[in-house]
>>> print(open('my_file-v9.pdb').read())   # PDB, C-alpha atoms, pLDDT in the B column
ATOM      1  CA  MET A  43       0.000   0.000   0.000  1.00 46.00           C
ATOM      2  CA  GLU A  44       2.838   2.380   0.896  1.00 48.00           C
ATOM      3  CA  GLN A  45       4.534   1.631  -2.417  1.00 51.00           C
ATOM      4  CA  SER A  46       1.345   2.448  -4.364  1.00 65.00           C
ATOM      5  CA  TYR A  47       1.026   5.767  -2.502  1.00 59.00           C
ATOM      6  CA  GLU A  48       4.606   6.740  -3.407  1.00 64.00           C
ATOM      7  CA  ALA A  49       3.986   5.809  -7.036  1.00 66.00           C
ATOM      8  CA  LEU A  50       0.846   7.968  -7.063  1.00 62.00           C
ATOM      9  CA  VAL A  51       2.739  10.958  -5.614  1.00 55.00           C
ATOM     10  CA  GLU A  52       5.479  10.506  -8.207  1.00 65.00           C
ATOM     11  CA  ARG A  53       2.937  10.414 -11.039  1.00 69.00           C
ATOM     12  CA  ILE A  54       1.169  13.548  -9.775  1.00 63.00           C
ATOM     13  CA  THR A  55       4.501  15.371  -9.467  1.00 58.00           C
ATOM     14  CA  GLN A  56       5.450  14.473 -13.044  1.00 62.00           C
ATOM     15  CA  GLU A  57       2.102  15.692 -14.333  1.00 64.00           C
ATOM     16  CA  VAL A  58       2.429  19.010 -12.488  1.00 53.00           C
ATOM     17  CA  VAL A  59       5.944  19.568 -13.871  1.00 49.00           C
ATOM     18  CA  ARG A  60       4.787  18.724 -17.391  1.00 56.00           C
ATOM     19  CA  HIS A  61       1.852  21.111 -17.119  1.00 52.00           C
ATOM     20  CA  LEU A  62       4.091  23.942 -15.908  1.00 44.00           C
ATOM     21  CA  GLN A  63       6.559  23.408 -18.755  1.00 46.00           C
ATOM     22  CA  GLU A  64       3.765  23.514 -21.329  1.00 51.00           C
ATOM     23  CA  ASN A  65       2.211  26.697 -19.956  1.00 48.00           C
ATOM     24  CA  THR A  66       5.126  28.986 -19.176  1.00 42.00           C
ATOM     25  CA  ASP A  67       7.177  31.058 -21.609  1.00 44.00           C
ATOM     26  CA  LEU A  68      10.245  30.398 -19.483  1.00 38.00           C
ATOM     27  CA  SER A  69      10.328  26.648 -20.075  1.00 42.00           C
ATOM     28  CA  PRO A  70      13.035  25.338 -22.454  1.00 42.00           C
ATOM     29  CA  GLY A  71      11.927  25.034 -26.075  1.00 53.00           C
ATOM     30  CA  THR A  72       8.894  27.300 -25.773  1.00 83.00           C
ATOM     31  CA  LYS A  73       8.663  29.768 -28.649  1.00 87.00           C
ATOM     32  CA  PRO A  74       7.540  33.371 -28.178  1.00 92.00           C
ATOM     33  CA  VAL A  75       4.110  34.064 -29.652  1.00 94.00           C
ATOM     34  CA  ALA A  76       3.591  36.320 -32.662  1.00 95.00           C
ATOM     35  CA  LEU A  77       0.245  37.742 -33.726  1.00 96.00           C
ATOM     36  CA  LEU A  78      -0.699  36.749 -37.275  1.00 96.00           C
ATOM     37  CA  ALA A  79      -3.200  38.306 -39.676  1.00 95.00           C
ATOM     38  CA  GLY A  80      -3.758  35.910 -42.561  1.00 92.00           C
ATOM     39  CA  ALA A  81      -2.617  32.389 -43.387  1.00 90.00           C
ATOM     40  CA  GLN A  82       0.438  30.905 -41.704  1.00 87.00           C
ATOM     41  CA  GLU A  83       1.491  29.381 -45.047  1.00 86.00           C
ATOM     42  CA  ALA A  84       2.416  32.891 -46.236  1.00 84.00           C
ATOM     43  CA  VAL A  85       4.815  33.473 -43.341  1.00 84.00           C
ATOM     44  CA  PRO A  86       8.565  33.308 -44.146  1.00 78.00           C
ATOM     45  CA  ALA A  87      10.548  30.263 -43.046  1.00 77.00           C
ATOM     46  CA  PHE A  88      12.638  32.162 -40.507  1.00 77.00           C
ATOM     47  CA  ALA A  89       9.482  33.215 -38.644  1.00 84.00           C
ATOM     48  CA  LYS A  90       8.091  29.685 -38.419  1.00 84.00           C
ATOM     49  CA  GLU A  91      11.339  28.595 -36.798  1.00 84.00           C
ATOM     50  CA  ARG A  92      11.380  31.511 -34.356  1.00 88.00           C
ATOM     51  CA  TYR A  93       7.727  31.984 -33.330  1.00 92.00           C
ATOM     52  CA  ALA A  94       4.512  30.244 -32.451  1.00 93.00           C
ATOM     53  CA  PHE A  95       1.496  32.014 -33.965  1.00 95.00           C
ATOM     54  CA  ALA A  96      -1.844  33.237 -32.678  1.00 94.00           C
ATOM     55  CA  ASP A  97      -4.478  34.520 -35.097  1.00 93.00           C
ATOM     56  CA  MET A  98      -6.301  37.822 -34.733  1.00 94.00           C
ATOM     57  CA  SER A  99      -9.148  36.234 -32.771  1.00 94.00           C
ATOM     58  CA  ASN A 100      -6.689  36.032 -29.861  1.00 94.00           C
ATOM     59  CA  TYR A 101      -6.090  39.784 -29.853  1.00 95.00           C
ATOM     60  CA  ALA A 102      -8.199  41.616 -27.278  1.00 93.00           C
ATOM     61  CA  GLY A 103      -6.516  45.015 -27.355  1.00 93.00           C
ATOM     62  CA  ASP A 104      -3.363  44.079 -25.430  1.00 94.00           C
ATOM     63  CA  ILE A 105      -0.173  43.680 -27.474  1.00 96.00           C
ATOM     64  CA  ALA A 106       1.946  42.662 -24.449  1.00 94.00           C
ATOM     65  CA  PRO A 107       1.515  38.865 -24.858  1.00 94.00           C
ATOM     66  CA  PHE A 108       2.874  39.006 -28.431  1.00 96.00           C
ATOM     67  CA  GLU A 109       6.516  39.443 -29.395  1.00 95.00           C
ATOM     68  CA  ALA A 110       5.855  40.458 -33.007  1.00 95.00           C
ATOM     69  CA  VAL A 111       3.095  41.040 -35.562  1.00 96.00           C
ATOM     70  CA  PHE A 112       3.006  39.391 -38.991  1.00 96.00           C
ATOM     71  CA  ILE A 113       0.592  40.649 -41.648  1.00 95.00           C
ATOM     72  CA  ALA A 114       0.003  38.117 -44.414  1.00 93.00           C
ATOM     73  CA  SER A 115      -3.326  39.582 -45.527  1.00 93.00           C
ATOM     74  CA  LEU A 116      -5.129  42.883 -45.059  1.00 95.00           C
ATOM     75  CA  SER A 117      -7.760  45.020 -46.753  1.00 95.00           C
ATOM     76  CA  LEU A 118      -7.168  48.426 -48.323  1.00 96.00           C
ATOM     77  CA  ALA A 119      -9.024  50.011 -45.403  1.00 96.00           C
ATOM     78  CA  GLU A 120      -6.744  48.233 -42.929  1.00 96.00           C
ATOM     79  CA  LEU A 121      -3.669  49.328 -44.912  1.00 96.00           C
ATOM     80  CA  ALA A 122      -4.765  52.966 -44.784  1.00 96.00           C
ATOM     81  CA  ASP A 123      -5.677  52.742 -41.094  1.00 96.00           C
ATOM     82  CA  CYS A 124      -2.309  51.176 -40.233  1.00 96.00           C
ATOM     83  CA  ALA A 125      -0.402  53.906 -42.082  1.00 95.00           C
ATOM     84  CA  LEU A 126      -2.491  56.704 -40.557  1.00 95.00           C
ATOM     85  CA  GLY A 127      -2.424  55.325 -37.018  1.00 94.00           C
ATOM     86  CA  ARG A 128      -6.187  54.792 -36.852  1.00 94.00           C
ATOM     87  CA  ASP A 129      -7.206  51.947 -34.540  1.00 92.00           C
ATOM     88  CA  ALA A 130     -10.601  51.491 -36.190  1.00 90.00           C
ATOM     89  CA  SER A 131     -10.329  47.689 -36.149  1.00 94.00           C
ATOM     90  CA  ALA A 132      -8.267  44.957 -34.514  1.00 96.00           C
ATOM     91  CA  LEU A 133      -5.358  44.782 -36.972  1.00 97.00           C
ATOM     92  CA  PRO A 134      -4.562  48.534 -37.184  1.00 96.00           C
ATOM     93  CA  CYS A 135      -4.914  48.694 -33.398  1.00 96.00           C
ATOM     94  CA  ALA A 136      -2.404  45.850 -32.957  1.00 97.00           C
ATOM     95  CA  VAL A 137       0.022  47.395 -35.446  1.00 97.00           C
ATOM     96  CA  ALA A 138      -0.151  50.809 -33.770  1.00 96.00           C
ATOM     97  CA  LYS A 139       0.477  49.336 -30.323  1.00 97.00           C
ATOM     98  CA  ALA A 140       3.297  47.138 -31.629  1.00 96.00           C
ATOM     99  CA  ILE A 141       5.039  50.133 -33.207  1.00 96.00           C
ATOM    100  CA  LEU A 142       4.585  52.201 -30.053  1.00 96.00           C
ATOM    101  CA  SER A 143       5.923  49.313 -27.955  1.00 95.00           C
ATOM    102  CA  GLY A 144       8.979  48.753 -30.147  1.00 95.00           C
ATOM    103  CA  LYS A 145       7.860  45.304 -31.295  1.00 95.00           C
ATOM    104  CA  GLU A 146       8.714  43.985 -34.755  1.00 93.00           C
ATOM    105  CA  VAL A 147       6.014  44.245 -37.423  1.00 94.00           C
ATOM    106  CA  TYR A 148       6.362  42.340 -40.715  1.00 93.00           C
ATOM    107  CA  LEU A 149       4.156  42.990 -43.743  1.00 93.00           C
ATOM    108  CA  MET A 150       4.096  40.350 -46.490  1.00 90.00           C
ATOM    109  CA  GLU A 151       4.146  42.109 -49.854  1.00 87.00           C
ATOM    110  CA  ALA A 152       2.126  39.248 -51.351  1.00 85.00           C
ATOM    111  CA  GLY A 153      -0.676  40.058 -48.905  1.00 89.00           C
ATOM    112  CA  LEU A 154      -1.195  43.577 -50.253  1.00 92.00           C
ATOM    113  CA  PRO A 155      -4.451  43.424 -52.267  1.00 91.00           C
ATOM    114  CA  TYR A 156      -3.588  46.189 -54.739  1.00 92.00           C
ATOM    115  CA  LYS A 157      -0.447  44.363 -55.926  1.00 88.00           C
ATOM    116  CA  ALA A 158      -2.662  42.132 -58.070  1.00 86.00           C
ATOM    117  CA  TYR A 159      -3.211  45.176 -60.343  1.00 88.00           C
ATOM    118  CA  LYS A 160       0.471  45.997 -60.697  1.00 81.00           C
ATOM    119  CA  ARG A 161       0.612  45.123 -64.406  1.00 81.00           C
ATOM    120  CA  THR A 162      -2.850  46.303 -65.420  1.00 87.00           C
ATOM    121  CA  VAL A 163      -3.561  49.415 -63.348  1.00 85.00           C
ATOM    122  CA  THR A 164      -4.720  52.398 -65.386  1.00 89.00           C
ATOM    123  CA  ASN A 165      -4.908  54.991 -62.612  1.00 91.00           C
ATOM    124  CA  ARG A 166      -1.286  55.173 -61.581  1.00 87.00           C
ATOM    125  CA  ASN A 167      -1.873  58.038 -59.132  1.00 91.00           C
ATOM    126  CA  PHE A 168      -4.286  55.916 -57.107  1.00 93.00           C
ATOM    127  CA  TYR A 169      -1.883  52.973 -57.157  1.00 91.00           C
ATOM    128  CA  ASN A 170       0.992  55.207 -56.041  1.00 90.00           C
ATOM    129  CA  MET A 171      -1.133  56.519 -53.184  1.00 93.00           C
ATOM    130  CA  LEU A 172      -1.436  52.964 -51.891  1.00 93.00           C
ATOM    131  CA  GLU A 173       2.307  52.492 -52.360  1.00 91.00           C
ATOM    132  CA  GLY A 174       2.715  55.619 -50.283  1.00 92.00           C
ATOM    133  CA  TYR A 175       0.884  53.982 -47.373  1.00 94.00           C
ATOM    134  CA  VAL A 176       3.324  51.082 -47.512  1.00 92.00           C
ATOM    135  CA  ASN A 177       6.291  53.447 -47.572  1.00 90.00           C
ATOM    136  CA  THR A 178       4.834  55.296 -44.579  1.00 93.00           C
ATOM    137  CA  LEU A 179       4.720  52.023 -42.662  1.00 94.00           C
ATOM    138  CA  ARG A 180       8.288  51.317 -43.741  1.00 90.00           C
ATOM    139  CA  GLY A 181       9.264  54.676 -42.284  1.00 91.00           C
ATOM    140  CA  PHE A 182       7.731  53.571 -38.968  1.00 92.00           C
ATOM    141  CA  GLY A 183      10.027  50.544 -38.931  1.00 91.00           C
ATOM    142  CA  VAL A 184       7.644  47.984 -40.432  1.00 92.00           C
ATOM    143  CA  LYS A 185       9.621  45.387 -42.407  1.00 88.00           C
ATOM    144  CA  ILE A 186       8.243  44.694 -45.881  1.00 85.00           C
ATOM    145  CA  VAL A 187       8.801  41.039 -46.777  1.00 82.00           C
ATOM    146  CA  LYS A 188       9.177  40.638 -50.521  1.00 72.00           C
ATOM    147  CA  GLU A 189       8.609  37.290 -52.225  1.00 55.00           C
ATOM    148  CA  GLN A 190      12.316  36.722 -52.807  1.00 39.00           C
ATOM    149  CA  TRP A 191      12.928  37.251 -49.098  1.00 40.00           C
ATOM    150  CA  GLN A 192      10.559  34.550 -47.907  1.00 41.00           C
ATOM    151  CA  GLY A 193      13.312  32.233 -46.721  1.00 40.00           C
ATOM    152  CA  ASN A 194      15.998  32.362 -44.074  1.00 37.00           C
ATOM    153  CA  ASN A 195      17.704  35.409 -45.604  1.00 33.00           C
ATOM    154  CA  LEU A 196      15.166  38.047 -44.582  1.00 32.00           C
ATOM    155  CA  GLU A 197      17.831  40.483 -43.423  1.00 34.00           C
ATOM    156  CA  ARG A 198      19.527  40.506 -46.828  1.00 33.00           C
ATOM    157  CA  GLN A 199      18.506  43.486 -48.935  1.00 34.00           C
ATOM    158  CA  ALA A 200      16.826  42.411 -52.174  1.00 30.00           C
ATOM    159  CA  ILE A 201      18.681  45.231 -53.896  1.00 29.00           C
ATOM    160  CA  GLU A 202      21.742  46.276 -51.925  1.00 32.00           C
ATOM    161  CA  ASP A 203      22.704  49.153 -54.215  1.00 37.00           C
ATOM    162  CA  ASN A 204      20.007  50.828 -56.256  1.00 42.00           C
ATOM    163  CA  THR A 205      22.208  53.601 -57.621  1.00 42.00           C
ATOM    164  CA  ALA A 206      21.600  54.513 -61.226  1.00 45.00           C
ATOM    165  CA  ASP A 207      23.872  56.082 -63.801  1.00 49.00           C
ATOM    166  CA  LYS A 208      21.544  57.176 -66.583  1.00 66.00           C
ATOM    167  CA  VAL A 209      18.361  59.063 -67.383  1.00 79.00           C
ATOM    168  CA  ILE A 210      15.572  58.084 -65.001  1.00 83.00           C
ATOM    169  CA  THR A 211      12.358  57.577 -66.947  1.00 83.00           C
ATOM    170  CA  GLU A 212       8.907  56.986 -65.473  1.00 84.00           C
ATOM    171  CA  ARG A 213       9.299  53.237 -65.915  1.00 83.00           C
ATOM    172  CA  THR A 214      12.717  53.192 -64.252  1.00 84.00           C
ATOM    173  CA  ALA A 215      11.405  55.306 -61.383  1.00 84.00           C
ATOM    174  CA  ARG A 216       8.569  52.854 -60.794  1.00 85.00           C
ATOM    175  CA  GLU A 217      11.010  49.937 -60.742  1.00 83.00           C
ATOM    176  CA  LEU A 218      13.284  51.739 -58.278  1.00 84.00           C
ATOM    177  CA  CYS A 219      10.357  52.556 -55.998  1.00 84.00           C
ATOM    178  CA  GLU A 220       8.930  49.040 -56.123  1.00 82.00           C
ATOM    179  CA  ASN A 221      12.310  47.485 -55.302  1.00 80.00           C
ATOM    180  CA  CYS A 222      13.291  50.059 -52.686  1.00 80.00           C
ATOM    181  CA  THR A 223      13.351  48.525 -49.194  1.00 75.00           C
ATOM    182  CA  THR A 224      14.628  51.495 -47.198  1.00 78.00           C
ATOM    183  CA  GLY A 225      12.456  54.377 -48.390  1.00 80.00           C
ATOM    184  CA  VAL A 226      15.506  55.981 -50.025  1.00 82.00           C
ATOM    185  CA  VAL A 227      16.590  55.777 -53.672  1.00 82.00           C
ATOM    186  CA  ARG A 228      20.200  56.828 -54.311  1.00 80.00           C
ATOM    187  CA  LEU A 229      21.069  58.290 -57.696  1.00 79.00           C
ATOM    188  CA  ARG A 230      24.449  59.360 -58.971  1.00 76.00           C
ATOM    189  CA  CYS A 231      25.067  63.109 -59.181  1.00 72.00           C
ATOM    190  CA  GLY A 232      24.241  64.346 -62.655  1.00 72.00           C
ATOM    191  CA  THR A 233      21.506  61.767 -63.252  1.00 79.00           C
ATOM    192  CA  VAL A 234      18.642  63.228 -65.276  1.00 81.00           C
ATOM    193  CA  ILE A 235      15.134  62.675 -63.893  1.00 83.00           C
ATOM    194  CA  THR A 236      12.293  63.196 -66.336  1.00 84.00           C
ATOM    195  CA  PRO A 237       9.183  65.113 -65.154  1.00 82.00           C
ATOM    196  CA  SER A 238       7.048  61.960 -65.179  1.00 83.00           C
ATOM    197  CA  ALA A 239       9.694  60.152 -63.112  1.00 84.00           C
ATOM    198  CA  LYS A 240       9.631  63.001 -60.582  1.00 84.00           C
ATOM    199  CA  ASP A 241       5.858  62.542 -60.288  1.00 82.00           C
ATOM    200  CA  VAL A 242       6.386  58.841 -59.519  1.00 84.00           C
ATOM    201  CA  PHE A 243       8.871  59.643 -56.743  1.00 82.00           C
ATOM    202  CA  ASN A 244       6.627  62.364 -55.309  1.00 82.00           C
ATOM    203  CA  HIS A 245       3.515  60.199 -55.201  1.00 81.00           C
ATOM    204  CA  SER A 246       5.343  57.204 -53.736  1.00 80.00           C
ATOM    205  CA  GLU A 247       6.902  59.297 -50.956  1.00 75.00           C
ATOM    206  CA  ILE A 248      10.294  57.759 -51.760  1.00 78.00           C
ATOM    207  CA  LYS A 249      13.184  60.020 -50.774  1.00 81.00           C
ATOM    208  CA  VAL A 250      15.755  60.615 -53.519  1.00 83.00           C
ATOM    209  CA  GLU A 251      19.391  61.164 -52.557  1.00 81.00           C
ATOM    210  CA  PHE A 252      22.274  61.987 -54.874  1.00 75.00           C
ATOM    211  CA  VAL A 253      25.666  60.380 -54.274  1.00 71.00           C
ATOM    212  CA  ASP A 254      29.066  60.828 -55.923  1.00 60.00           C
TER     213      ASP A 254
END
>>> encode(input="my_file-v9.pdb", output="structure tokens")
Amino acid sequence: MEQSYEALVERITQEVVRHLQENTDLSPGTKPVALLAGAQEAVPAFAKERYAFADMSNYAGDIAPFEAVFIASLSLAELADCALGRDASALPCAVAKAILSGKEVYLMEAGLPYKAYKRTVTNRNFYNMLEGYVNTLRGFGVKIVKEQWQGNNLERQAIEDNTADKVITERTARELCENCTTGVVRLRCGTVITPSAKDVFNHSEIKVEFVD
């Protein structure tokens, strides 16, 4: 009888220890939790290795339980609200609080709904306005995850040096803006920028710097 009692105590102790390890962030092997808007399949490989994910239904206005925010899908209204700091719905609220708290925010470029019209858009000014929202978020420290970055090399710049040594046409300006990851396009001194290219830069809110 005494032996059975000791075995029961041992079993209860093991269960308590197991429960504590599964429910505390301090236990070995437990990943920090990131808040995710959209499908987990769209998240880059590095993030899946680093974080566990909770969808937006787990967000109740407090960003403290989450170490980062990943945006794999959002509406145009949510994009505008995020860029303008409006907490009109759960996602913009989470993004605003994450930025204010110094937490990492990642935006998947593939999740931007207007990108589907990249090749066919006829109203370029409207398209560039939406690009401007993305660049505003970039200026707040939000990391834009391009398709070619969706692996373990997120920190590598897709284009490390976007300097140009020629006449910048409207088409070239669009390409520079679309591939710019820092909000700054560097052009060599003496580079000619056509009027239509200047309009592209102005509407995208990309900063142009001239270097020797």
>>> resolve_selection(input="my_file-v9.pdb", expression="the PyMOL selection byres ((chain A and resi 173-180) around 8)", output="MDAnalysis selection string")
chainID A and resid 121:122 124:125 169:172 181:186 223:225 245:248
>>> write_last_selection(input="my_file-v9.pdb", atoms="C-alpha atoms", output="compact mmCIF listing (two decimals), keeping the file's coordinate frame")
# COMPACT_ATOMS: atom_id res chain seq x y z
CA LEU A 121 -3.67 49.33 -44.91
CA ALA A 122 -4.76 52.97 -44.78
CA CYS A 124 -2.31 51.18 -40.23
CA ALA A 125 -0.40 53.91 -42.08
CA TYR A 169 -1.88 52.97 -57.16
CA ASN A 170 0.99 55.21 -56.04
CA MET A 171 -1.13 56.52 -53.18
CA LEU A 172 -1.44 52.96 -51.89
CA GLY A 181 9.26 54.68 -42.28
CA PHE A 182 7.73 53.57 -38.97
CA GLY A 183 10.03 50.54 -38.93
CA VAL A 184 7.64 47.98 -40.43
CA LYS A 185 9.62 45.39 -42.41
CA ILE A 186 8.24 44.69 -45.88
CA THR A 223 13.35 48.52 -49.19
CA THR A 224 14.63 51.50 -47.20
CA GLY A 225 12.46 54.38 -48.39
CA HIS A 245 3.52 60.20 -55.20
CA SER A 246 5.34 57.20 -53.74
CA GLU A 247 6.90 59.30 -50.96
CA ILE A 248 10.29 57.76 -51.76
>>> resolve_selection(input="my_file-v9.pdb", expression="the PyMOL selection byres ((chain A and resi 135-147) around 10)", output="short mmCIF file (atom, residue, chain, number, x, y, z; two decimals) with C-alpha atoms, in the coordinates of the input")
data_model
loop_
_atom_site.label_atom_id
_atom_site.label_comp_id
_atom_site.auth_asym_id
_atom_site.auth_seq_id
_atom_site.Cartn_x
_atom_site.Cartn_y
_atom_site.Cartn_z
CA ALA A 76 3.59 36.32 -32.66
CA LEU A 77 0.24 37.74 -33.73
CA MET A 98 -6.30 37.82 -34.73
CA TYR A 101 -6.09 39.78 -29.85
CA ALA A 102 -8.20 41.62 -27.28
CA GLY A 103 -6.52 45.02 -27.36
CA ASP A 104 -3.36 44.08 -25.43
CA ILE A 105 -0.17 43.68 -27.47
CA ALA A 106 1.95 42.66 -24.45
CA PHE A 108 2.87 39.01 -28.43
CA GLU A 109 6.52 39.44 -29.40
CA ALA A 110 5.86 40.46 -33.01
CA VAL A 111 3.10 41.04 -35.56
CA PHE A 112 3.01 39.39 -38.99
CA ILE A 113 0.59 40.65 -41.65
CA GLU A 120 -6.74 48.23 -42.93
CA ASP A 123 -5.68 52.74 -41.09
CA CYS A 124 -2.31 51.18 -40.23
CA ALA A 125 -0.40 53.91 -42.08
CA LEU A 126 -2.49 56.70 -40.56
CA GLY A 127 -2.42 55.32 -37.02
CA ARG A 128 -6.19 54.79 -36.85
CA ASP A 129 -7.21 51.95 -34.54
CA ALA A 130 -10.60 51.49 -36.19
CA SER A 131 -10.33 47.69 -36.15
CA ALA A 132 -8.27 44.96 -34.51
CA LEU A 133 -5.36 44.78 -36.97
CA PRO A 134 -4.56 48.53 -37.18
CA TYR A 148 6.36 42.34 -40.72
CA LEU A 149 4.16 42.99 -43.74
CA LEU A 179 4.72 52.02 -42.66
CA ARG A 180 8.29 51.32 -43.74
CA PHE A 182 7.73 53.57 -38.97
CA GLY A 183 10.03 50.54 -38.93
CA VAL A 184 7.64 47.98 -40.43
CA LYS A 185 9.62 45.39 -42.41
CA ILE A 186 8.24 44.69 -45.88
#
>>> resolve_selection(input="my_file-v9.pdb", expression="the PyMOL selection byres ((chain A and resi 252) around 8)", output="list in words")
Arg228, Leu229, Arg230, Cys231, Val250, Glu251, Val253 and Asp254 of chain A
>>> atom_distance(input="my_file-v9.pdb", atom1="atom CA of A:Glu220", atom2="atom CA of A:Thr236")
17.8 Å
>>> atom_distance(input="my_file-v9.pdb", atom1="atom CA of A:Phe243", atom2="atom CA of A:Arg216")
7.9 Å
>>> atom_distance(input="my_file-v9.pdb", atom1="atom CA of A:Ala79", atom2="atom CA of A:Leu116")
7.3 Å
>>> axis_aligned_box(input="my_file-v9.pdb", around="stretch 153-159 of chain A", padding_each_side="4 Å", output="lines of an AutoDock Vina configuration file")
center_x = -2.4
center_y = 43.1
center_z = -54.6
size_x = 12.0
size_y = 14.1
size_z = 19.4
>>> residues_around(input="my_file-v9.pdb", residues="A:Lys73", least_positions_apart="4", cutoff="7 Å", atoms="all atoms listed in the file", output="list in words")
Arg92, Tyr93 and Ala94 of chain A
